[in-house]
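K.L.:
run.txt (compact mmCIF, C-alpha atoms and all ligand atoms) pasted underneath:
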# COMPACT_ATOMS: atom_id res chain seq x y z
CA MET A 4 7.77 -7.17 18.50
CA ILE A 5 6.30 -5.27 15.59
CA LYS A 6 3.02 -3.49 16.11
CA VAL A 7 0.78 -1.99 13.47
CA LYS A 8 -2.28 0.22 13.65
CA GLN A 9 -5.34 -1.31 12.13
CA TYR A 10 -8.97 -0.29 12.02
CA ILE A 11 -11.37 -2.82 13.40
CA ILE A 12 -15.07 -2.90 14.07
CA THR A 13 -15.90 -4.29 17.48
CA PRO A 14 -18.35 -7.20 17.13
CA VAL A 15 -20.62 -6.23 19.98
CA PHE A 16 -20.97 -2.47 19.80
CA LYS A 17 -20.06 -2.14 16.12
CA LEU A 18 -17.72 0.69 16.91
CA TRP A 19 -14.81 1.80 14.78
CA TYR A 20 -11.65 1.42 16.70
CA GLU A 21 -8.02 1.87 15.80
CA ALA A 22 -6.32 -1.09 17.38
CA THR A 23 -2.64 -1.78 17.81
CA LEU A 24 -2.15 -5.30 16.60
CA PRO A 25 0.77 -7.67 16.06
CA GLY A 26 2.53 -7.04 12.78
CA LYS A 27 5.23 -8.62 10.73
CA ARG A 28 7.93 -7.23 8.50
CA VAL A 29 7.76 -8.15 4.87
CA VAL A 30 9.68 -7.18 1.76
CA CYS A 31 8.15 -4.09 0.20
CA HIS A 32 5.81 -5.15 -2.58
CA GLN A 33 6.22 -1.94 -4.54
CA CYS A 34 9.98 -1.90 -4.99
CA ASN A 35 10.42 -5.60 -4.35
CA GLY A 36 12.96 -4.88 -1.64
CA GLU A 37 15.08 -2.60 -3.80
CA GLY A 38 14.32 0.46 -1.69
CA THR A 39 14.26 2.65 -4.79
CA MET A 40 11.98 3.32 -7.70
CA VAL A 41 12.32 5.37 -10.84
CA ASN A 42 11.29 8.95 -10.21
CA PRO A 43 7.58 9.13 -11.08
CA ASN A 44 8.16 12.61 -12.53
CA ILE A 45 9.86 11.00 -15.48
CA GLY A 46 6.55 9.61 -16.60
CA VAL A 47 6.08 7.04 -19.26
CA LEU A 48 9.04 6.39 -21.47
CA THR A 49 8.77 5.60 -25.11
CA ALA A 50 11.09 3.62 -27.31
CA HIS A 51 12.17 6.95 -28.72
CA ASP A 52 13.50 8.05 -25.32
CA MET A 53 15.63 4.96 -25.17
CA GLU A 54 17.26 5.79 -28.50
CA ASP A 55 19.13 8.54 -26.71
CA GLU A 56 22.26 6.71 -25.63
CA ASP A 57 23.17 9.09 -22.81
CA PHE A 58 19.71 9.00 -21.38
CA ARG A 59 19.51 5.26 -21.61
CA GLU A 60 22.82 4.81 -19.85
CA SER A 61 21.99 7.09 -16.97
CA TYR A 62 18.53 5.59 -16.73
CA MET A 63 19.94 2.10 -16.45
CA SER A 64 22.53 3.16 -13.88
CA GLY A 65 19.79 4.47 -11.61
CA VAL A 66 20.38 8.21 -11.85
CA TYR A 67 16.64 8.79 -11.90
CA ASP A 68 15.93 6.50 -8.98
CA VAL A 69 14.40 7.94 -5.84
CA ALA A 70 13.61 6.34 -2.50
CA CYS A 71 10.63 4.05 -2.82
CA GLY A 72 7.44 5.89 -1.89
CA CYS A 73 5.91 2.89 -0.21
CA CYS A 74 8.67 1.80 2.19
CA ASP A 75 10.53 5.13 2.18
CA GLY A 76 13.71 3.38 1.07
CA LYS A 77 13.67 0.93 3.96
CA ARG A 78 13.06 -2.03 1.64
CA VAL A 79 10.64 -3.58 4.11
CA ILE A 80 7.21 -2.62 5.40
CA ASP A 81 5.27 -3.58 8.49
CA VAL A 82 1.97 -5.27 7.81
CA LEU A 83 -0.68 -6.82 9.97
CA ASP A 84 0.16 -10.36 11.06
CA TYR A 85 -3.28 -11.72 10.40
CA ASP A 86 -2.41 -15.28 11.39
CA ALA A 87 -1.31 -14.12 14.83
CA LEU A 88 -4.74 -12.71 15.64
CA SER A 89 -7.44 -14.48 17.56
CA PRO A 90 -10.39 -15.60 15.40
CA LYS A 91 -12.49 -12.91 17.06
CA MET A 92 -10.00 -10.22 16.14
CA GLN A 93 -9.70 -11.56 12.60
CA LEU A 94 -13.44 -11.13 12.29
CA ALA A 95 -13.24 -7.56 13.56
CA VAL A 96 -10.50 -6.78 11.03
CA ASP A 97 -12.45 -8.42 8.20
CA LYS A 98 -15.52 -6.41 9.10
CA ALA A 99 -13.61 -3.14 9.02
CA GLU A 100 -11.88 -3.98 5.75
CA LYS A 101 -15.19 -4.83 4.17
CA GLU A 102 -16.65 -1.50 5.32
CA ILE A 103 -13.67 0.40 3.98
CA ALA A 104 -13.91 -1.39 0.63
CA ALA A 105 -17.63 -0.65 0.45
CA ASP A 106 -17.01 3.01 1.28
CA GLU A 107 -14.38 3.26 -1.41
CA ALA A 108 -16.61 1.62 -3.99
CA GLU A 109 -19.39 4.03 -3.08
CA ALA A 110 -17.12 7.04 -3.37
CA TYR A 111 -15.92 5.76 -6.71
CA TYR A 112 -19.42 5.45 -8.11
CA GLU A 113 -20.48 8.77 -6.69
CA GLN A 114 -17.58 10.39 -8.43
CA LYS A 115 -18.25 8.52 -11.64
CA TRP A 116 -21.97 9.04 -11.84
CA GLY A 117 -22.26 12.23 -9.84
CA ALA A 118 -24.91 10.64 -7.65
ZN ZN B 201 9.60 -0.05 -1.33
Re-express the file's structure as structure tokens.
Ligand SMILES: [Zn+2]

P.N.:
Amino acid sequence: MIKVKQYIITPVFKLWYEATLPGKRVVCHQCNGEGTMVNPNIGVLTAHDMEDEDFRESYMSGVYDVACGCCDGKRVIDVLDYDALSPKMQLAVDKAEKEIAADEAEAYYEQKWGA
């Protein structure tokens, strides 16, 4: 049984709580199950880079690939199994996610406008 940690807000006391909830294993969305990604240090390639035959060949053969940063090369990640939760727990998760999103939006605007 896969378990994941997830922040929830309890409906009654409105407390933040890190709950251990049922999870499920899904294919990593970042590498699409490849387990590798091109080294981010390479940066953005231009058409000019690809004119270099040696570079292009090694690039295509995966020389510059590193373990995927999201799944750590495991090709799969554990995510919350939302459907397995009770409606009450789903609500608690939704509440927490909404709060987190609001916090992030606030931080973003503060940074942008210096408020
Ligand atoms: Zn991955």

K.L.:
How would you write, as JSON, numbers by chain, the set of residues no farther than 6 Å from ligand ZN 201 (chain B) when counting only C-alpha atoms and all ligand atoms?

P.N.:
{"A": [31, 33, 34, 36, 38, 71, 73, 74, 76, 78]}

K.L.:
Can you tell me how far atom CA of Leu83 of chain A sits from atom CA of Ala108 of chain A, in Å to one decimal?

P.N.:
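That distance, rounded to one decimal, is 22.8 Å.
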
K.L.:
Which is closer to Ile45 of chain A than all the others in A:Tyr62, A:Asp81, A:Ile11, A:Trp19, using all atoms listed in the file?

P.N.:
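Between A:Tyr62, A:Asp81, A:Ile11, A:Trp19, the residue approaching Ile45 of chain A most closely is A:Tyr62.
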
K.L.:
What's the separation between atom CA of Gly26 of chain A and atom CA of Pro14 of chain A, in Å to one decimal place?

P.N.:
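We find that atom CA of Gly26 of chain A and atom CA of Pro14 of chain A lie 21.3 Å from each other.
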
K.L.:
Using all atoms listed in the file for the distances, tell me which of A:Glu21, A:Asp84, A:Val66, A:Asp57 is nearest to Met4 of chain A.

P.N.:
A:Asp84

K.L.:
Which is closest to Gly65 of chain A among A:Asn42, A:His51, A:Ile80, A:Ala105, if we use only C-alpha atoms?

P.N.:
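Distance minimum relative to Gly65 of chain A lands on A:Asn42.
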
K.L.:
May I have the protein, DNA and RNA residues with an atom at most 6 Å from (14.5, 7.0, -4.3), counting only C-alpha atoms in the file's coordinates, returned as a VMD selection string?

P.N.:
chain A and resid 39 to 40 68 to 71

K.L.:
Write the residues you've just listed into a file as a PDB file, in the frame of the given file, and include C-alpha atoms for each of them.

P.N.:
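Below is the file that was written, out37.pdb:
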ATOM      1  CA  THR A  39      14.260   2.650  -4.790  1.00  0.00           C
ATOM      2  CA  MET A  40      11.980   3.320  -7.700  1.00  0.00           C
ATOM      3  CA  ASP A  68      15.930   6.500  -8.980  1.00  0.00           C
ATOM      4  CA  VAL A  69      14.400   7.940  -5.840  1.00  0.00           C
ATOM      5  CA  ALA A  70      13.610   6.340  -2.500  1.00  0.00           C
ATOM      6  CA  CYS A  71      10.630   4.050  -2.820  1.00  0.00           C
TER       7      CYS A  71
END

K.L.:
Counting all atoms listed in the file, find residues at most 9 Å from (-17.6, -6.9, 17.5) (file frame) and give them as number ranges by chain.

P.N.:
A: 11-18, 91-92, 94-95, 98

K.L.:
Would you output segment 10-55 of chain A from that structure, restricted to N, CA and C atoms, as a PDB file, in the first residue's frame?

P.N.:
ATOM      1  N   TYR A  10      -0.728  17.808   2.964  1.00  0.00           N
ATOM      2  CA  TYR A  10      -1.257  18.780   3.906  1.00  0.00           C
ATOM      3  C   TYR A  10      -2.764  18.864   3.773  1.00  0.00           C
ATOM      4  N   ILE A  11      -3.418  18.884   4.910  1.00  0.00           N
ATOM      5  CA  ILE A  11      -4.863  19.062   4.912  1.00  0.00           C
ATOM      6  C   ILE A  11      -5.205  20.147   5.926  1.00  0.00           C
ATOM      7  N   ILE A  12      -6.406  20.664   5.814  1.00  0.00           N
ATOM      8  CA  ILE A  12      -6.910  21.562   6.853  1.00  0.00           C
ATOM      9  C   ILE A  12      -8.125  20.880   7.467  1.00  0.00           C
ATOM     10  N   THR A  13      -8.058  20.635   8.752  1.00  0.00           N
ATOM     11  CA  THR A  13      -9.157  19.930   9.400  1.00  0.00           C
ATOM     12  C   THR A  13     -10.394  20.814   9.387  1.00  0.00           C
ATOM     13  N   PRO A  14     -11.553  20.241   9.038  1.00  0.00           N
ATOM     14  CA  PRO A  14     -12.770  21.039   8.840  1.00  0.00           C
ATOM     15  C   PRO A  14     -13.254  21.724  10.112  1.00  0.00           C
ATOM     16  N   VAL A  15     -13.071  21.079  11.243  1.00  0.00           N
ATOM     17  CA  VAL A  15     -13.637  21.628  12.469  1.00  0.00           C
ATOM     18  C   VAL A  15     -12.741  22.696  13.091  1.00  0.00           C
ATOM     19  N   PHE A  16     -11.475  22.334  13.302  1.00  0.00           N
ATOM     20  CA  PHE A  16     -10.600  23.263  14.012  1.00  0.00           C
ATOM     21  C   PHE A  16      -9.765  24.129  13.073  1.00  0.00           C
ATOM     22  N   LYS A  17      -9.884  23.864  11.772  1.00  0.00           N
ATOM     23  CA  LYS A  17      -9.142  24.614  10.763  1.00  0.00           C
ATOM     24  C   LYS A  17      -7.642  24.608  11.027  1.00  0.00           C
ATOM     25  N   LEU A  18      -7.163  23.456  11.419  1.00  0.00           N
ATOM     26  CA  LEU A  18      -5.748  23.322  11.701  1.00  0.00           C
ATOM     27  C   LEU A  18      -5.027  22.726  10.502  1.00  0.00           C
ATOM     28  N   TRP A  19      -3.787  23.188  10.289  1.00  0.00           N
ATOM     29  CA  TRP A  19      -2.938  22.561   9.292  1.00  0.00           C
ATOM     30  C   TRP A  19      -2.442  21.244   9.851  1.00  0.00           C
ATOM     31  N   TYR A  20      -2.447  20.275   9.032  1.00  0.00           N
ATOM     32  CA  TYR A  20      -2.063  18.963   9.512  1.00  0.00           C
ATOM     33  C   TYR A  20      -1.457  18.186   8.358  1.00  0.00           C
ATOM     34  N   GLU A  21      -0.309  17.587   8.615  1.00  0.00           N
ATOM     35  CA  GLU A  21       0.295  16.764   7.565  1.00  0.00           C
ATOM     36  C   GLU A  21      -0.181  15.332   7.738  1.00  0.00           C
ATOM     37  N   ALA A  22      -1.051  14.923   6.875  1.00  0.00           N
ATOM     38  CA  ALA A  22      -1.660  13.605   6.991  1.00  0.00           C
ATOM     39  C   ALA A  22      -0.943  12.603   6.093  1.00  0.00           C
ATOM     40  N   THR A  23      -0.991  11.363   6.504  1.00  0.00           N
ATOM     41  CA  THR A  23      -0.495  10.287   5.647  1.00  0.00           C
ATOM     42  C   THR A  23      -1.707   9.630   5.008  1.00  0.00           C
ATOM     43  N   LEU A  24      -1.799   9.771   3.706  1.00  0.00           N
ATOM     44  CA  LEU A  24      -2.998   9.356   3.002  1.00  0.00           C
ATOM     45  C   LEU A  24      -2.665   8.305   1.941  1.00  0.00           C
ATOM     46  N   PRO A  25      -3.691   7.571   1.499  1.00  0.00           N
ATOM     47  CA  PRO A  25      -3.438   6.570   0.454  1.00  0.00           C
ATOM     48  C   PRO A  25      -2.924   7.228  -0.829  1.00  0.00           C
ATOM     49  N   GLY A  26      -1.934   6.604  -1.432  1.00  0.00           N
ATOM     50  CA  GLY A  26      -1.388   7.149  -2.665  1.00  0.00           C
ATOM     51  C   GLY A  26      -1.458   6.113  -3.768  1.00  0.00           C
ATOM     52  N   LYS A  27      -1.080   6.547  -4.939  1.00  0.00           N
ATOM     53  CA  LYS A  27      -0.984   5.611  -6.053  1.00  0.00           C
ATOM     54  C   LYS A  27       0.256   5.961  -6.860  1.00  0.00           C
ATOM     55  N   ARG A  28       0.751   4.977  -7.564  1.00  0.00           N
ATOM     56  CA  ARG A  28       1.970   5.155  -8.340  1.00  0.00           C
ATOM     57  C   ARG A  28       1.595   5.455  -9.784  1.00  0.00           C
ATOM     58  N   VAL A  29       2.112   6.553 -10.269  1.00  0.00           N
ATOM     59  CA  VAL A  29       1.817   6.908 -11.658  1.00  0.00           C
ATOM     60  C   VAL A  29       3.121   7.153 -12.411  1.00  0.00           C
ATOM     61  N   VAL A  30       3.038   7.097 -13.712  1.00  0.00           N
ATOM     62  CA  VAL A  30       4.197   7.383 -14.553  1.00  0.00           C
ATOM     63  C   VAL A  30       4.579   8.841 -14.366  1.00  0.00           C
ATOM     64  N   CYS A  31       5.863   9.084 -14.207  1.00  0.00           N
ATOM     65  CA  CYS A  31       6.353  10.439 -13.977  1.00  0.00           C
ATOM     66  C   CYS A  31       5.942  11.340 -15.137  1.00  0.00           C
ATOM     67  N   HIS A  32       5.342  12.486 -14.773  1.00  0.00           N
ATOM     68  CA  HIS A  32       4.838  13.381 -15.816  1.00  0.00           C
ATOM     69  C   HIS A  32       5.959  14.195 -16.451  1.00  0.00           C
ATOM     70  N   GLN A  33       7.073  14.338 -15.723  1.00  0.00           N
ATOM     71  CA  GLN A  33       8.131  15.184 -16.256  1.00  0.00           C
ATOM     72  C   GLN A  33       8.944  14.483 -17.339  1.00  0.00           C
ATOM     73  N   CYS A  34       9.308  13.230 -17.074  1.00  0.00           N
ATOM     74  CA  CYS A  34      10.125  12.509 -18.049  1.00  0.00           C
ATOM     75  C   CYS A  34       9.280  11.523 -18.830  1.00  0.00           C
ATOM     76  N   ASN A  35       7.988  11.472 -18.521  1.00  0.00           N
ATOM     77  CA  ASN A  35       7.086  10.580 -19.221  1.00  0.00           C
ATOM     78  C   ASN A  35       7.503   9.123 -19.085  1.00  0.00           C
ATOM     79  N   GLY A  36       8.054   8.779 -17.927  1.00  0.00           N
ATOM     80  CA  GLY A  36       8.435   7.404 -17.657  1.00  0.00           C
ATOM     81  C   GLY A  36       9.791   7.005 -18.213  1.00  0.00           C
ATOM     82  N   GLU A  37      10.520   7.980 -18.754  1.00  0.00           N
ATOM     83  CA  GLU A  37      11.842   7.674 -19.301  1.00  0.00           C
ATOM     84  C   GLU A  37      12.877   7.512 -18.184  1.00  0.00           C
ATOM     85  N   GLY A  38      12.679   8.235 -17.113  1.00  0.00           N
ATOM     86  CA  GLY A  38      13.633   8.177 -16.006  1.00  0.00           C
ATOM     87  C   GLY A  38      14.824   9.096 -16.195  1.00  0.00           C
ATOM     88  N   THR A  39      14.938   9.691 -17.357  1.00  0.00           N
ATOM     89  CA  THR A  39      16.055  10.600 -17.624  1.00  0.00           C
ATOM     90  C   THR A  39      15.533  11.891 -18.246  1.00  0.00           C
ATOM     91  N   MET A  40      16.354  12.901 -18.174  1.00  0.00           N
ATOM     92  CA  MET A  40      16.060  14.144 -18.879  1.00  0.00           C
ATOM     93  C   MET A  40      17.388  14.716 -19.353  1.00  0.00           C
ATOM     94  N   VAL A  41      17.338  15.607 -20.292  1.00  0.00           N
ATOM     95  CA  VAL A  41      18.571  16.231 -20.749  1.00  0.00           C
ATOM     96  C   VAL A  41      19.069  17.156 -19.648  1.00  0.00           C
ATOM     97  N   ASN A  42      20.341  17.072 -19.383  1.00  0.00           N
ATOM     98  CA  ASN A  42      20.962  17.899 -18.346  1.00  0.00           C
ATOM     99  C   ASN A  42      20.546  19.363 -18.494  1.00  0.00           C
ATOM    100  N   PRO A  43      19.907  19.922 -17.455  1.00  0.00           N
ATOM    101  CA  PRO A  43      19.440  21.313 -17.569  1.00  0.00           C
ATOM    102  C   PRO A  43      20.582  22.306 -17.759  1.00  0.00           C
ATOM    103  N   ASN A  44      21.796  21.906 -17.394  1.00  0.00           N
ATOM    104  CA  ASN A  44      22.945  22.805 -17.542  1.00  0.00           C
ATOM    105  C   ASN A  44      23.249  23.115 -19.002  1.00  0.00           C
ATOM    106  N   ILE A  45      22.755  22.285 -19.876  1.00  0.00           N
ATOM    107  CA  ILE A  45      23.007  22.501 -21.296  1.00  0.00           C
ATOM    108  C   ILE A  45      22.292  23.750 -21.780  1.00  0.00           C
ATOM    109  N   GLY A  46      21.137  24.004 -21.176  1.00  0.00           N
ATOM    110  CA  GLY A  46      20.402  25.201 -21.534  1.00  0.00           C
ATOM    111  C   GLY A  46      19.640  25.037 -22.834  1.00  0.00           C
ATOM    112  N   VAL A  47      19.321  26.146 -23.417  1.00  0.00           N
ATOM    113  CA  VAL A  47      18.510  26.117 -24.619  1.00  0.00           C
ATOM    114  C   VAL A  47      19.407  25.972 -25.848  1.00  0.00           C
ATOM    115  N   LEU A  48      19.066  25.004 -26.645  1.00  0.00           N
ATOM    116  CA  LEU A  48      19.873  24.767 -27.843  1.00  0.00           C
ATOM    117  C   LEU A  48      19.306  25.534 -29.028  1.00  0.00           C
ATOM    118  N   THR A  49      20.202  25.960 -29.865  1.00  0.00           N
ATOM    119  CA  THR A  49      19.773  26.642 -31.072  1.00  0.00           C
ATOM    120  C   THR A  49      20.014  25.725 -32.275  1.00  0.00           C
ATOM    121  N   ALA A  50      19.483  26.107 -33.385  1.00  0.00           N
ATOM    122  CA  ALA A  50      19.687  25.331 -34.599  1.00  0.00           C
ATOM    123  C   ALA A  50      21.183  25.261 -34.920  1.00  0.00           C
ATOM    124  N   HIS A  51      21.878  26.294 -34.543  1.00  0.00           N
ATOM    125  CA  HIS A  51      23.314  26.358 -34.786  1.00  0.00           C
ATOM    126  C   HIS A  51      24.046  25.239 -34.046  1.00  0.00           C
ATOM    127  N   ASP A  52      23.638  24.973 -32.802  1.00  0.00           N
ATOM    128  CA  ASP A  52      24.246  23.891 -32.036  1.00  0.00           C
ATOM    129  C   ASP A  52      24.101  22.565 -32.758  1.00  0.00           C
ATOM    130  N   MET A  53      22.967  22.384 -33.371  1.00  0.00           N
ATOM    131  CA  MET A  53      22.665  21.115 -34.010  1.00  0.00           C
ATOM    132  C   MET A  53      23.414  20.940 -35.335  1.00  0.00           C
ATOM    133  N   GLU A  54      24.031  22.007 -35.808  1.00  0.00           N
ATOM    134  CA  GLU A  54      24.825  21.894 -37.033  1.00  0.00           C
ATOM    135  C   GLU A  54      26.121  21.142 -36.767  1.00  0.00           C
ATOM    136  N   ASP A  55      26.529  21.150 -35.514  1.00  0.00           N
ATOM    137  CA  ASP A  55      27.731  20.412 -35.130  1.00  0.00           C
ATOM    138  C   ASP A  55      27.400  18.925 -35.070  1.00  0.00           C
TER     139      ASP A  55
END
